[in-house]
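Engineer: If you scroll down you'll find the structure; I have some questions about it.
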Amino acid sequence: MNYIQQAYKGLHEGWRYLVGTIIIIIFVVAGQIPFTVAAIVEANNQGLNLFELDESTMMGVLESNLNLALMLLSFAVGLVGIFAVNKWLHKMTITQLTTARKKIDWKRFWVIFFAWGILSSGLVLVDYFMSPENYVWNFELKNFLILSVIAIALVPLQTSCEEYLFRGYLMQGLGVLTKTKWFPLIVTSVVFGMLHIANPEVEKLGYVIMIYYIGTGFFLGIITLMDEGMELALGFHAANNLFTALLVTADWTAFQTYSILKDTSDPTEAALVDIVVPVFVIFPILLFILSKMYGWTNWKDKLFGKVTEPPKEDYKIIE
C-alpha cells in the first residue's frame with residue numbers, strides 16, 4: 001500500500017474529513033486564546049488598541065520569548081487535535097498517518113534535519129561573512145538560552161502540526177476522496193502557501209514571496225508522495241524553522257527572536273534571488289539527491305497516478 005492508501009485502514013468517509021478539519025481548526029483557535037489574552041492585556045498596559053495594530057506591530061507587543069512561546073502554543077494544541085481526530089474519528093494510528101512503512105523511520109527524519117539545518121545555516125553564515133554590514137550581533141546569553149529551550153521544545157510541534165495537517169491528514173483525505181494524487185498535492189501546497197499570506201514578510205516583500213511559500217509546499221508534498229511517508233517533510237520543516245529561529249531574525253519576519261544575528265539589510269533588494277534560488281534551484285537539487293539516496297522511481301505514477309482501494313486483506317492495522 002502507498003502512503004495515501006493508508007487512509008483506507010481507517011474510517012475514511014468524506015464527512016469525517018470535513019468534521020475532522022473543523023475540529024482541528026477549533027483546537028488551533030483554542031490554542032491561540034492565551035496569546036490573544038496576553039497581547040490584549042499588555043497592549044492595554046501600554047495604552048495601545050491591539051485591534052488597530054498591524055500584524056508586525058501586534059507581534060511585538062509581548063516580550064520576544066513570551067511572544068514566541070504563546071504563538072507556538074496554538075500549533076501544539078492543533079497537533080493534539082489532529083492526533084485526536086485521527087484516533088477517535090478515523091480509527092487510525094499515528095504511524096498510518098505518518099508513513100506507509102511498518103514503523104516511522106526516524107533515521108530519515110534526522111538525516112534531512114541535520115543536513116538541511118547545517119546547509120541553511122551555512123548559507124546564512126556565508127552571507128554574514130561576505131556582507132557583514134547587513135547584520136548586527138544580536139546575541140544575549142540569558143535570552144538566547146531561554147529562546148533555545150522554547151524553540152527546541154515548541155518549534156518541532158509547530159512544524160509537525162503543519163505537516164500532519166497538510167502532508168498528512170489532508171493529503172490522505174483528499175487522495176481517497178478524489179482517487180487522485182495530483183489533486184491533493186496541488187491543493188495542500190497552494191493552501192499551505194496561502195495561509196502564510198498574513199505573515200509580515202508578505203507586507204514587506206509583496207505577494208511575490210507567495211512563490212516561495214507555495215513552492216515550499218510543493219517540495220514538501222513531492223517528497224512525501226515520492227518517499228511514501230512524511231518523515232523527510234517533518235525533518236526538513238523542523239530544521240528550517242528551528243535553525244532560523246536560533247540563528248537569524250529581522251524586524252520584518254514572523255519569528256521575532258533573541259537569535260544570534262539580526263539581518264538589517266533591505267529585503268526588497270535581494271527578494272527575487274531569495275525566492276527564486278530556493279524554489280527553482282535548491283529544491284530541485286535536493287529532490288535529485290534524495291531520489292538517489294532513497295531510490296525513488298516511477299515519478300509519474302507516484303505524483304499523478306490514481307489512488308485505488310487496496311484488497312481487503314491489506315486493511316489489517318500494522319503497528
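Residue names in the C-alpha cells use chain letters A, B, ... in the order shown, residue numbers from 1 in each chain, and ligand numbers from 1 in the order shown.
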Please report as a Markdown table every residue of range 273-305 of chain A lying within 12 Å of range 202-211 of chain A, along with the nearest atom pair and their distance in Å (one decimal), using only C-alpha atoms.
Structural biologist:
| residue | atom | partner | partner_atom | distance |
| --- | --- | --- | --- | --- |
| A:Val273 | CA | A:Ile209 | CA | 10.7 |
| A:Asp274 | CA | A:Ile209 | CA | 9.0 |
| A:Ile275 | CA | A:Ile209 | CA | 6.4 |
| A:Val276 | CA | A:Ile211 | CA | 8.1 |
| A:Val277 | CA | A:Ile211 | CA | 11.1 |
| A:Pro278 | CA | A:Ile211 | CA | 10.2 |
| A:Val279 | CA | A:Ile211 | CA | 7.9 |
| A:Phe280 | CA | A:Ile211 | CA | 10.1 |
Engineer: Need to verify the contact set: range 129-140 of chain A, 7 Å, only C-alpha atoms, exclusion of same-chain residues closer than 5 positions in sequence. Can you return it as a PDB file with N, CA, C and O atoms, in the first residue's frame?
Structural biologist:
ATOM      1  N   TYR A 258      15.376  36.293  20.030  1.00  0.00           N
ATOM      2  CA  TYR A 258      16.693  36.699  20.527  1.00  0.00           C
ATOM      3  C   TYR A 258      17.751  35.812  19.863  1.00  0.00           C
ATOM      4  O   TYR A 258      18.533  35.132  20.530  1.00  0.00           O
ATOM      5  N   SER A 259      17.771  35.820  18.566  1.00  0.00           N
ATOM      6  CA  SER A 259      18.697  34.977  17.809  1.00  0.00           C
ATOM      7  C   SER A 259      20.112  35.538  17.887  1.00  0.00           C
ATOM      8  O   SER A 259      20.355  36.638  18.400  1.00  0.00           O
ATOM      9  N   ILE A 260      21.052  34.779  17.330  1.00  0.00           N
ATOM     10  CA  ILE A 260      22.452  35.200  17.358  1.00  0.00           C
ATOM     11  C   ILE A 260      22.674  36.434  16.495  1.00  0.00           C
ATOM     12  O   ILE A 260      23.398  37.355  16.884  1.00  0.00           O
ATOM     13  N   LEU A 261      22.038  36.464  15.337  1.00  0.00           N
ATOM     14  CA  LEU A 261      22.219  37.572  14.397  1.00  0.00           C
ATOM     15  C   LEU A 261      20.887  38.240  14.085  1.00  0.00           C
ATOM     16  O   LEU A 261      19.830  37.609  14.166  1.00  0.00           O
ATOM     17  N   LYS A 262      20.942  39.512  13.700  1.00  0.00           N
ATOM     18  CA  LYS A 262      19.777  40.208  13.178  1.00  0.00           C
ATOM     19  C   LYS A 262      20.131  40.753  11.803  1.00  0.00           C
ATOM     20  O   LYS A 262      21.147  41.435  11.630  1.00  0.00           O
ATOM     21  N   ASP A 263      19.300  40.437  10.837  1.00  0.00           N
ATOM     22  CA  ASP A 263      19.503  40.912   9.469  1.00  0.00           C
ATOM     23  C   ASP A 263      18.912  42.310   9.350  1.00  0.00           C
ATOM     24  O   ASP A 263      17.711  42.507   9.541  1.00  0.00           O
ATOM     25  N   THR A 264      19.761  43.294   9.043  1.00  0.00           N
ATOM     26  CA  THR A 264      19.313  44.683   8.947  1.00  0.00           C
ATOM     27  C   THR A 264      19.265  45.173   7.509  1.00  0.00           C
ATOM     28  O   THR A 264      19.039  46.354   7.252  1.00  0.00           O
ATOM     29  N   SER A 265      19.493  44.285   6.554  1.00  0.00           N
ATOM     30  CA  SER A 265      19.508  44.688   5.148  1.00  0.00           C
ATOM     31  C   SER A 265      18.093  44.968   4.656  1.00  0.00           C
ATOM     32  O   SER A 265      17.096  44.573   5.278  1.00  0.00           O
TER      33      SER A 265
END
Engineer: Tell me, as JSON, numbers by chain, which residues lie within 10 Å of Leu165 in chain A, counting only C-alpha atoms; anything in the same chain fewer than 3 positions away does not count.
Structural biologist: {"A": [21, 24, 78, 79, 81, 82, 83, 97, 159, 160, 161, 162, 168, 169, 170, 171, 172, 188, 192]}
Engineer: Could you tell me, as an MDAnalysis selection string, which residues of range 82-223 of chain A DSSP assigns to alpha helix (DSSP H) when given the backbone?
Structural biologist: chainID A and resid 82:84 94:98 106:130 141:163 171:178 182:194 200:205 210:223
Engineer: Fewer than 3 positions away in the same chain doesn't count, so skip those; otherwise give me all residues within 12 Å of Thr297 in chain A, counting only C-alpha atoms, as a list in words.
Structural biologist: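 The filter keeps Leu225, Met226, Asp227, Glu228, Leu287, Phe288, Leu290, Ser291, Lys292, Met293, Tyr294, Lys300, Asp301, Lys302 and Leu303 of chain A.
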Engineer: Taking 3 positions as the minimum chain separation for residues in the same chain, which residues sit within 9 Å of Thr308 in chain A when counting only C-alpha atoms? Answer as a ChimeraX atom specification.
Structural biologist: /A:5,176,179-180
Engineer: Can you tell me how far CA of Val28 in chain A sits from CA of Val77 in chain A, in Å to one decimal?
Structural biologist: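 Taking CA of Val28 in chain A and CA of Val77 in chain A, their separation equals 6.0 Å.
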Engineer: Let's see if you can do this: from backbone DSSP, list all strand (DSSP E) residues in range 78-308 of chain A, as JSON, numbers by chain.
Structural biologist: {"A": [135, 136, 137, 248, 249, 261, 262, 263]}
Engineer: Write the residues you've just listed into a file as a PDB file, in the first residue's frame, and include N, CA, C and O atoms for each of them.
Structural biologist:
ATOM      1  N   TYR A 135      24.323  42.794   8.851  1.00  0.00           N
ATOM      2  CA  TYR A 135      23.945  42.098  10.079  1.00  0.00           C
ATOM      3  C   TYR A 135      24.461  42.852  11.295  1.00  0.00           C
ATOM      4  O   TYR A 135      25.464  43.578  11.227  1.00  0.00           O
ATOM      5  N   VAL A 136      23.769  42.644  12.414  1.00  0.00           N
ATOM      6  CA  VAL A 136      24.262  43.118  13.706  1.00  0.00           C
ATOM      7  C   VAL A 136      24.263  41.936  14.662  1.00  0.00           C
ATOM      8  O   VAL A 136      23.441  41.016  14.534  1.00  0.00           O
ATOM      9  N   TRP A 137      25.188  41.961  15.610  1.00  0.00           N
ATOM     10  CA  TRP A 137      25.279  40.889  16.613  1.00  0.00           C
ATOM     11  C   TRP A 137      24.136  41.066  17.595  1.00  0.00           C
ATOM     12  O   TRP A 137      23.999  42.105  18.252  1.00  0.00           O
ATOM     13  N   VAL A 248      19.101  33.628  13.049  1.00  0.00           N
ATOM     14  CA  VAL A 248      18.933  34.973  12.498  1.00  0.00           C
ATOM     15  C   VAL A 248      17.478  35.412  12.565  1.00  0.00           C
ATOM     16  O   VAL A 248      16.561  34.609  12.388  1.00  0.00           O
ATOM     17  N   THR A 249      17.279  36.680  12.854  1.00  0.00           N
ATOM     18  CA  THR A 249      15.954  37.274  12.858  1.00  0.00           C
ATOM     19  C   THR A 249      16.024  38.597  12.102  1.00  0.00           C
ATOM     20  O   THR A 249      17.105  39.044  11.695  1.00  0.00           O
ATOM     21  N   LEU A 261      22.038  36.464  15.337  1.00  0.00           N
ATOM     22  CA  LEU A 261      22.219  37.572  14.397  1.00  0.00           C
ATOM     23  C   LEU A 261      20.887  38.240  14.085  1.00  0.00           C
ATOM     24  O   LEU A 261      19.830  37.609  14.166  1.00  0.00           O
ATOM     25  N   LYS A 262      20.942  39.512  13.700  1.00  0.00           N
ATOM     26  CA  LYS A 262      19.777  40.208  13.178  1.00  0.00           C
ATOM     27  C   LYS A 262      20.131  40.753  11.803  1.00  0.00           C
ATOM     28  O   LYS A 262      21.147  41.435  11.630  1.00  0.00           O
ATOM     29  N   ASP A 263      19.300  40.437  10.837  1.00  0.00           N
ATOM     30  CA  ASP A 263      19.503  40.912   9.469  1.00  0.00           C
ATOM     31  C   ASP A 263      18.912  42.310   9.350  1.00  0.00           C
ATOM     32  O   ASP A 263      17.711  42.507   9.541  1.00  0.00           O
TER      33      ASP A 263
END
Engineer: I need the residue nearest Gly175 in chain A from this list: A:Gln158, A:Asn44, A:Val19, A:Lys306. Use only C-alpha atoms for the distance.
Structural biologist: A:Lys306
Engineer: Env of Lys107 in chain A: 10 Å cut, atoms = only C-alpha atoms, seq-sep filter 4 positions within chain, self excluded. Answer as a count of residues only.
Structural biologist: 6
Engineer: Excluding range 59-70 of chain A and any residue of its chain fewer than 5 positions from it, enumerate the residues within 7 Å of it, using only C-alpha atoms, and give them as a PyMOL selection string.
Structural biologist: chain A and resi 34-35+39+42-43+147+150+256-257
Engineer: Go ahead and dump the residues you just picked, N, CA and C atoms, as a compact mmCIF listing (two decimals), in the first residue's frame.
Structural biologist:
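See result_17.txt below for the written result:
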# COMPACT_ATOMS: atom_id res chain seq x y z
N PRO A 34 -4.52 31.95 24.80
CA PRO A 34 -3.53 32.52 25.73
C PRO A 34 -2.74 33.68 25.11
N PHE A 35 -2.32 33.54 23.84
CA PHE A 35 -1.59 34.63 23.18
C PHE A 35 -2.47 35.87 23.05
N ALA A 39 -1.70 39.38 24.84
CA ALA A 39 -1.43 40.54 23.98
C ALA A 39 -2.38 41.69 24.27
N GLU A 42 -1.35 43.26 27.65
CA GLU A 42 -0.12 44.04 27.55
C GLU A 42 -0.33 45.29 26.70
N ALA A 43 -1.11 45.18 25.64
CA ALA A 43 -1.40 46.35 24.82
C ALA A 43 -2.17 47.39 25.62
N LEU A 147 15.37 31.25 24.77
CA LEU A 147 14.90 31.03 23.40
C LEU A 147 15.16 29.60 22.95
N ILE A 150 12.66 27.18 24.48
CA ILE A 150 11.34 27.35 23.86
C ILE A 150 11.33 26.80 22.44
N GLN A 256 10.16 36.78 15.59
CA GLN A 256 10.97 37.81 16.24
C GLN A 256 11.63 37.16 17.45
N THR A 257 12.93 36.90 17.37
CA THR A 257 13.59 36.13 18.42
C THR A 257 14.88 36.79 18.88
Engineer: Check the smallest atom-to-atom distance from each of A:Asn86, A:Asn240, A:Thr268, A:Thr224 to Tyr17 in chain A using only C-alpha atoms, then report the winner.
Structural biologist: A:Asn86
Engineer: Between A:His90, A:Pro310, A:Phe219, A:Glu201, which one has atoms that come closest to Ile285 in chain A, using only C-alpha atoms?
Structural biologist: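 Using only C-alpha atoms, Ile285 in chain A sits closest to A:Phe219.
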Engineer: With distances taken over only C-alpha atoms, which of A:Leu72, A:Lys142, A:Tyr8, A:Val80 is nearest to Ile25 in chain A?
Structural biologist: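 Of all the options, A:Val80 lies closest to Ile25 in chain A.
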Engineer: Please report the interatomic distance between CA of Thr95 in chain A and CA of Val149 in chain A in Å with one decimal.
Structural biologist: 27.3 Å
Engineer: May I ask which of the residues A:Val85, A:Ile152, A:Val126, A:Ile282 is the closest one to Leu246 in chain A, counting only C-alpha atoms?
Structural biologist: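 Going through A:Val85, A:Ile152, A:Val126, A:Ile282 one by one, the smallest distance to Leu246 in chain A is for A:Ile152.
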